[in-house]
Amino acid sequence: MSEAAAPVTTVAPMVAPHGEVLLKLTDVHTYYGHIHALQGISIDVRAGEIVTLIGANGAGKTTTLKTVSGLLHPRTGRVTFEGRDISKTPAHTLVRQGIGHAPEGRRVFSRLTVLENLQMGAFTRSQAEMKEDLEHVYDLFPRLKERVSQGGGSLSGGEQQMLAIGRALMARPRVLLLDEPSLGLSPILVQQIFSIIQEINARGTTILLVEQNALQALTIAHRGYVLQTGSVVLSGSASEMRENEMVRKAYLGEI
Amino acid sequence: MRPDIVRVLQPIVIIAVSLVVVWLLLGGTQQFMNFLTLGAIYALIALGYTMVYGIIELINFAHGDLFMFGAFVAMWILTVPLGMTGAVDNPLQLTVILVVVMLPTMIVMGLLGTFIERFAYRPLRHAPRLAPLITAIGVSFILQNVIYSVFGPSPVNVPQVFPLTRFEFLGGRVSFLSLFMVAIAVFLMVLLQLFVGRTRLGRAMRSTAQDREAAELMGVDINQTIAITFFIAAALAGAGGTIQGLYFGSVQFNLGFFVGLKAFTAAVLGGIGNTTGAALGGFVIAFIEVFATQLGYSRWSEVAVFTVLILVLVFRPSGILGQQLGERA
Ligand SMILES: Nc1ncnc2c1ncn2[C@@H]1O[C@H](COP(=O)(O)OP(=O)(O)O)[C@@H](O)[C@H]1O
Ligand SMILES: [Mg+2]
C-alpha cells in the first residue's frame with residue numbers, strides 16, 4: 001500500500017552540480033582472466049551528481065561498478081576517489097572510505113532478517129551511529145520497518161531492492177553505486193525507486209547509476225555515459241543525451 | 001504472546017522428552033552418562049566441520065586430527081608443566097587445573113587452525129574444489145605424523161585428575177568427571193550459538209557464508225572472517241580433545257580418524273552448514289553407538305553409524321535440519 005504513496009518526480013534537473021570531481025576513472029582496463037571486459041574507460045563523477053551508465057547487456061556496466069567498489073581491480077589505468085588512488089584497494093576497505101555499492105541482483109542476505117541485513121550494512125559503523133541511520137532508512141522505506149524481523153529471502157522483489165539500497169545507505173556512503181535497481185520491478189515500483197534515488201541524492205549522496213531503463217535514468221540523472229563492448233562511446237548532459245539520435249534509437253526504443 | 005511461549009517451550013519439551021526416552025532405551029543412568037559425554041565430544045567436533053563447510057565449502061578432513069592434536073596438547077599440559085600424576089580432591093583446585101588445561105589448549109588449537117587455513121587452504125581458495133580437499137587429507141597426515149614422531153605409536157596415558165567419586169542418581173552411578181565435561185561442552189555450544197546468532201562478528205560470519213561478495217561490500221574482511229571461523233572450529237576441537245583425554249584416560253596418534261569420521265557423520269546428519277544440526281547430530285550418533293553396545297552389538301556400532309551416513313547422503317543429503325549457516329543446500 002505504501003508502494004504507490006511516494007511522490008513521483010519526473011522533472012529533470014536543470015543544472016548539473018559543479019562540485020569537485022569525487023570519483024575518476026582514467027583509461028581503465030579490467031579483465032576476467034583472458035576476457036578483456038573494460039577496454040579503456042574514463043569517467044568522472046562530481047560531488048552531488050547523479051551520473052548514469054547506460055548500454056546493452058554485456059557492455060561492461062556491472063564490471064565498471066565492481067572496478068570502482070574494489071571487487072575487481074583494473075589491470076591498467078587508475079581509479080581515484082577524492083584524489084586518492086584506489087585502484088588496488090580491496091572492497092571491504094573502500095566501504096569505510098565512503099563507497100557504497102548496491103550490487104546487481106540485490107544480493108540481499110536471504111537467511112538474515114531485514115534488521116540483520118541493515119546491521120550488516122552498518123558493519124563499519126558504531127552502534128550509536130547505526131541507530132540514527134536505521135531511522136533514516138525506515139524514513140525512506142517505511143516498508144522495511146514493517147518487515148524488520150522477517151527473513152530477507154521472504155521479501156518481494158521490490159522490497160528486496162529497497163533493502164539492498166537501504167543496506168548500502170547504512171554505511172553512509174559519499175558515493176552510492178546502484179546496479180540496475182529497477183530490474184524486475186512493476187512500473188509503479190520503478191517510479192518509486194527512481195524518486196527515492198533522487199531523494200537520496202538531494203540529501204547529499206552522489207550517485208553512479210547503472211540502468212537498462214535508459215529513459216528513466218536520463219530523466220533523473222545530471223549526466224550520462226553510454227557504454228558499448230567495454231568502451232565509452234558517448235557522454236554528455238542527460239538532456240543532450242535524451243536528444244541524441246543514436247541514444248534515442250538504441251536505448252530509448254525509438255525508430 | 002502465545003506463539004512466543006510455544007516457540008521457546010517446544011524445543012525444551014522435545015529435548016526433555018527425548019532425553020527421558022534415551023535414558024529408558026539405554027537402560028538407566030550409567031549408559032546415559034556415557035551417551036551424553038560421547039555426544040558432547042562428537043558435537044564439539046561436528047560444529048567445526050559444519051562451520052568450516054558453511055563458510056568455504058570445504059570438508060576439512062584434517063579436522064578430526066585437530067581434535068586428536070588437541071587431546072595431546074591437553075595431555076602434555078597436564079603432564080609436563082602441571083606435573084599431574086593423580087587425582088585432585090579439592091574442587092576449587094580441580095577447577096583451576098581444568099581452566100589452565102582447557103583454555104590454553106583451545107587457544108593453541110585455534111592458532112594452529114588459523115595457521116593451517118592461512119598456509120594450506122587460503123592459497124587454494126580459487127582452485128578447483130578437489131585441490132583443497134586433497135590438501136586437507138595431506139594436512140591430516142602431517143598432524144598425525146607430527147604426533148606420531150613426538151609421542152610414538154602407542155597410547156599415552158592422561159593423568160586422571162578427577163577423583164573417582166561417584167554419586168547415586170536415579171539408580172545409577174554418575175561420576176563428577178562426566179557431569180563436568182558435559183556441562184563444559186554445553187556451555188561452549190551455547191556460547192557459540194550466541195556468538196553466531198547475536199554478535200556483529202557472528203553476523204559477518206553468516207553473511208560471508210551466504211554471499212561472500214555481498215559481505216565484502218558491507219565492509220567485512222573475508223580473510224579475517226574465515227580465519228576467525230577456523231580459529232573457533234579448531235578451538236572447539238581442542239575442547240573436545242581435552243574431554244576425550246580426561247574421560248577415556250589415554251590418547252593415541254590415530255584417534256582423530258574414527259572420531260573425526262563419526263563427527264563428520266553427525267555434521268552431515270544435522271545438515272552440513274547448520275550449527276544446531278551439528279550439535280544435535282553429535283548426540284544422535286552417540287546414541288546409536290551406545291545403544292548398539294547396550295544391545296550387545298558393540299562391534300557393530302561403527303557399522304551402524306556409517307550406515308546412517310550413507311542413508312542420509314542417499315535419502316536426505318541436506319540433513320535433518322537442512323542448511324542454515326550458508327545458503328546453498
Ligand atoms: N564473471 C565473469 N567471468 C567472465 N566474463 C565475465 C564475467 N562477468 C562479466 N563478464 C563479461 O564481461 C563483459 C561485461 O559484462 P558486464 O559488466 O556484466 O556487462 P553489463 O553489466 O553491462 O551487462 C561481458 O562480455 C561479460 O560476458
Ligand atoms: Mg550488469
# chains A, B, ... in the order shown; residues from 1 in each chain; ligands from 1
call {"tool": "residues_near_ligand", "arguments": {"ligand": "ligand 2", "cutoff": "10 Å", "atoms": "only C-alpha atoms and all ligand atoms", "output": "number ranges by chain"}}
result
A: 55-66, 103-105, 179-180, 210-212
call {"tool": "select_by_dssp", "arguments": {"residues": "region 81-300 of chain B", "states": "helix (DSSP H, G or I)", "output": "ChimeraX atom specification"}}
result
/B:91-124,130-151,176-198,200-210,212-217,222-248,255-270,275-294,298-300
call {"tool": "closest_residue", "arguments": {"among": "B:Ala204, B:Leu269, B:Pro163, B:Asp65", "to": "chain A", "atoms": "only C-alpha atoms"}}
result
B:Ala204
call {"tool": "closest_residue", "arguments": {"among": "B:Thr242, B:Ser318, B:Ser250, B:Gln31", "to": "Val100 (chain B)", "atoms": "only C-alpha atoms"}}
result
B:Thr242
call {"tool": "interface_residues", "arguments": {"of": "chain B", "to": "chain A", "cutoff": "6 Å", "atoms": "only C-alpha atoms", "output": "list in words"}}
result
Glu216, Leu217, Met218, Gly219, Val220 and Asp221 of chain B
call {"tool": "residues_around", "arguments": {"residues": "Leu133 (chain B)", "least_positions_apart": "5", "cutoff": "10 Å", "atoms": "only C-alpha atoms", "output": "list in words"}}
result
Glu57, Leu58, Ile59, Asn60, Phe61, Ala62, Tyr121, Leu124, Pro128, Gly138 and Val139 of chain B
call {"tool": "write_last_selection", "arguments": {"atoms": "all heavy atoms", "output": "CSV table (one decimal), in the first residue's frame"}}
result
chain,number,residue,atom,x,y,z
B,57,GLU,N,32.9,-24.0,2.1
B,57,GLU,CA,32.5,-25.2,1.4
B,57,GLU,C,33.6,-26.2,1.2
B,57,GLU,O,33.8,-26.9,0.2
B,57,GLU,CB,31.9,-24.9,0.0
B,57,GLU,CG,30.5,-24.3,0.1
B,57,GLU,CD,30.0,-23.9,-1.2
B,57,GLU,OE1,30.1,-24.6,-2.2
B,57,GLU,OE2,29.4,-22.8,-1.2
B,58,LEU,N,34.4,-26.3,2.3
B,58,LEU,CA,35.5,-27.3,2.3
B,58,LEU,C,35.2,-28.4,3.4
B,58,LEU,O,34.9,-28.0,4.5
B,58,LEU,CB,36.8,-26.7,2.6
B,58,LEU,CG,38.0,-27.6,3.0
B,58,LEU,CD1,38.4,-28.4,1.8
B,58,LEU,CD2,39.1,-26.9,3.6
B,59,ILE,N,35.2,-29.6,3.0
B,59,ILE,CA,35.1,-30.7,4.1
B,59,ILE,C,36.5,-30.8,4.6
B,59,ILE,O,37.4,-31.4,3.9
B,59,ILE,CB,34.6,-32.0,3.5
B,59,ILE,CG1,33.1,-31.8,3.1
B,59,ILE,CG2,34.7,-33.1,4.5
B,59,ILE,CD1,32.6,-32.9,2.3
B,60,ASN,N,36.8,-30.3,5.8
B,60,ASN,CA,38.1,-30.3,6.3
B,60,ASN,C,38.5,-31.6,6.9
B,60,ASN,O,38.3,-31.8,8.1
B,60,ASN,CB,38.2,-29.1,7.3
B,60,ASN,CG,39.6,-29.0,7.9
B,60,ASN,OD1,40.5,-29.5,7.4
B,60,ASN,ND2,39.7,-28.2,8.9
B,61,PHE,N,39.1,-32.5,6.1
B,61,PHE,CA,39.4,-33.8,6.5
B,61,PHE,C,40.4,-33.8,7.6
B,61,PHE,O,40.6,-34.9,8.3
B,61,PHE,CB,39.8,-34.7,5.3
B,61,PHE,CG,38.7,-35.3,4.6
B,61,PHE,CD1,38.5,-34.9,3.2
B,61,PHE,CD2,37.8,-36.1,5.2
B,61,PHE,CE1,37.4,-35.5,2.6
B,61,PHE,CE2,36.7,-36.6,4.5
B,61,PHE,CZ,36.5,-36.3,3.2
B,62,ALA,N,41.1,-32.7,7.8
B,62,ALA,CA,42.1,-32.7,8.9
B,62,ALA,C,41.5,-32.4,10.2
B,62,ALA,O,42.1,-32.4,11.3
B,62,ALA,CB,43.2,-31.7,8.6
B,121,TYR,N,45.1,-23.8,3.0
B,121,TYR,CA,43.8,-23.7,2.2
B,121,TYR,C,43.7,-22.3,1.5
B,121,TYR,O,43.1,-22.3,0.4
B,121,TYR,CB,42.6,-23.9,3.2
B,121,TYR,CG,42.6,-25.2,3.9
B,121,TYR,CD1,42.1,-25.3,5.2
B,121,TYR,CD2,43.2,-26.3,3.3
B,121,TYR,CE1,42.1,-26.5,5.9
B,121,TYR,CE2,43.2,-27.5,4.0
B,121,TYR,CZ,42.7,-27.6,5.3
B,121,TYR,OH,42.7,-28.8,5.9
B,124,LEU,N,44.6,-21.9,-2.0
B,124,LEU,CA,43.9,-22.7,-3.0
B,124,LEU,C,42.4,-22.2,-3.1
B,124,LEU,O,41.6,-23.0,-3.6
B,124,LEU,CB,43.9,-24.2,-2.5
B,124,LEU,CG,45.3,-24.8,-2.5
B,124,LEU,CD1,45.2,-26.2,-1.9
B,124,LEU,CD2,45.8,-24.9,-3.9
B,128,PRO,N,40.3,-25.4,-8.2
B,128,PRO,CA,39.1,-26.4,-8.3
B,128,PRO,C,38.9,-27.0,-6.9
B,128,PRO,O,39.9,-27.2,-6.2
B,128,PRO,CB,39.6,-27.4,-9.3
B,128,PRO,CG,40.6,-26.7,-10.1
B,128,PRO,CD,41.3,-25.7,-9.2
B,138,GLY,N,46.2,-34.3,3.1
B,138,GLY,CA,47.6,-34.1,3.4
B,138,GLY,C,47.9,-33.5,4.8
B,138,GLY,O,48.7,-34.0,5.5
B,139,VAL,N,47.1,-32.5,5.1
B,139,VAL,CA,47.3,-31.9,6.5
B,139,VAL,C,47.0,-32.9,7.5
B,139,VAL,O,47.7,-33.0,8.6
B,139,VAL,CB,46.3,-30.7,6.6
B,139,VAL,CG1,46.3,-30.1,8.0
B,139,VAL,CG2,46.8,-29.6,5.6
call {"tool": "atom_distance", "arguments": {"atom1": "CA of Leu103 (chain B)", "atom2": "CA of Phe141 (chain B)"}}
result
25.7 Å
call {"tool": "residues_around", "arguments": {"residues": "Phe32 (chain B)", "least_positions_apart": "3", "cutoff": "6 Å", "atoms": "only C-alpha atoms", "output": "number ranges by chain"}}
result
B: 23, 29, 35
call {"tool": "write_last_selection", "arguments": {"atoms": "all heavy atoms", "output": "tab-separated table (two decimals), in the first residue's frame"}}
result
chain	number	residue	atom	x	y	z
B	23	TRP	N	17.18	-42.21	27.98
B	23	TRP	CA	17.52	-42.77	29.29
B	23	TRP	C	16.90	-44.15	29.44
B	23	TRP	O	17.55	-45.11	29.88
B	23	TRP	CB	17.04	-41.81	30.39
B	23	TRP	CG	17.45	-42.21	31.78
B	23	TRP	CD1	18.64	-41.94	32.38
B	23	TRP	CD2	16.67	-42.93	32.72
B	23	TRP	NE1	18.66	-42.45	33.64
B	23	TRP	CE2	17.46	-43.07	33.89
B	23	TRP	CE3	15.38	-43.49	32.71
B	23	TRP	CZ2	17.00	-43.74	35.03
B	23	TRP	CZ3	14.94	-44.14	33.84
B	23	TRP	CH2	15.74	-44.27	34.98
B	29	THR	N	21.04	-44.83	34.08
B	29	THR	CA	21.95	-43.70	34.19
B	29	THR	C	23.36	-43.97	33.65
B	29	THR	O	23.95	-43.10	33.01
B	29	THR	CB	22.05	-43.27	35.66
B	29	THR	OG1	20.71	-43.09	36.14
B	29	THR	CG2	22.81	-41.99	35.81
B	35	PHE	N	26.53	-41.84	26.98
B	35	PHE	CA	25.95	-41.24	25.78
B	35	PHE	C	26.15	-39.72	25.77
B	35	PHE	O	26.57	-39.14	24.78
B	35	PHE	CB	24.47	-41.61	25.70
B	35	PHE	CG	23.59	-40.56	25.09
B	35	PHE	CD1	23.54	-40.38	23.72
B	35	PHE	CD2	22.79	-39.74	25.89
B	35	PHE	CE1	22.73	-39.41	23.15
B	35	PHE	CE2	21.98	-38.77	25.34
B	35	PHE	CZ	21.95	-38.59	23.97
call {"tool": "closest_residue", "arguments": {"among": "A:Lys88, A:Leu209, A:Ser149, A:Thr26", "to": "ligand 1", "atoms": "only C-alpha atoms and all ligand atoms"}}
result
A:Leu209
call {"tool": "residues_around", "arguments": {"residues": "Ile107 (chain B)", "least_positions_apart": "3", "cutoff": "10 Å", "atoms": "only C-alpha atoms", "output": "compact mmCIF listing (two decimals) with C-alpha atoms, in the first residue's frame"}}
result
# COMPACT_ATOMS: atom_id res chain seq x y z
CA GLY B 70 44.16 -31.03 20.96
CA MET B 102 41.42 -26.36 28.56
CA LEU B 103 41.81 -22.67 27.83
CA PRO B 104 45.41 -22.82 26.57
CA GLY B 110 42.71 -22.14 17.44
CA LEU B 111 46.04 -20.69 16.37
CA LEU B 112 47.01 -23.96 14.71
CA GLY B 113 43.68 -23.98 12.87
CA PHE B 231 40.05 -20.48 14.99
CA ILE B 232 36.71 -21.26 16.59
CA ALA B 234 39.83 -25.74 15.94
CA ALA B 235 39.38 -24.37 19.46
CA LEU B 236 36.19 -26.41 19.84
CA GLY B 238 40.68 -28.71 21.25
CA ALA B 239 37.96 -28.63 23.91
call {"tool": "select_by_dssp", "arguments": {"residues": "region 25-159 of chain A", "states": "strand (DSSP E or B)", "output": "PyMOL selection string"}}
result
chain A and resi 25-32+35-46+50-55+76-81+84-85+99-102+113+151
call {"tool": "residues_around", "arguments": {"residues": "Pro74 (chain A)", "least_positions_apart": "5", "cutoff": "8 Å", "atoms": "only C-alpha atoms", "output": "PyMOL selection string"}}
result
chain A and resi 28-31+67+87-88
call {"tool": "atom_distance", "arguments": {"atom1": "atom 11 (C, counted along the ligand's line) of ligand 1", "atom2": "CA of Arg129 (chain B)"}}
result
23.0 Å
call {"tool": "residues_around", "arguments": {"residues": "region 220-233 of chain A", "least_positions_apart": "6", "cutoff": "6 Å", "atoms": "only C-alpha atoms", "output": "list in words"}}
result
Ala12, Ala16, Ala37, Leu38, Gln39, Ile41, Ile50, Val51, Thr52, Leu53, Ile54, Gly55, Ala59 and Gly60 of chain A
call {"tool": "closest_residue", "arguments": {"among": "A:Ala128, A:Val148, A:Leu72, A:Met246", "to": "ligand 1", "atoms": "only C-alpha atoms and all ligand atoms"}}
result
A:Leu72
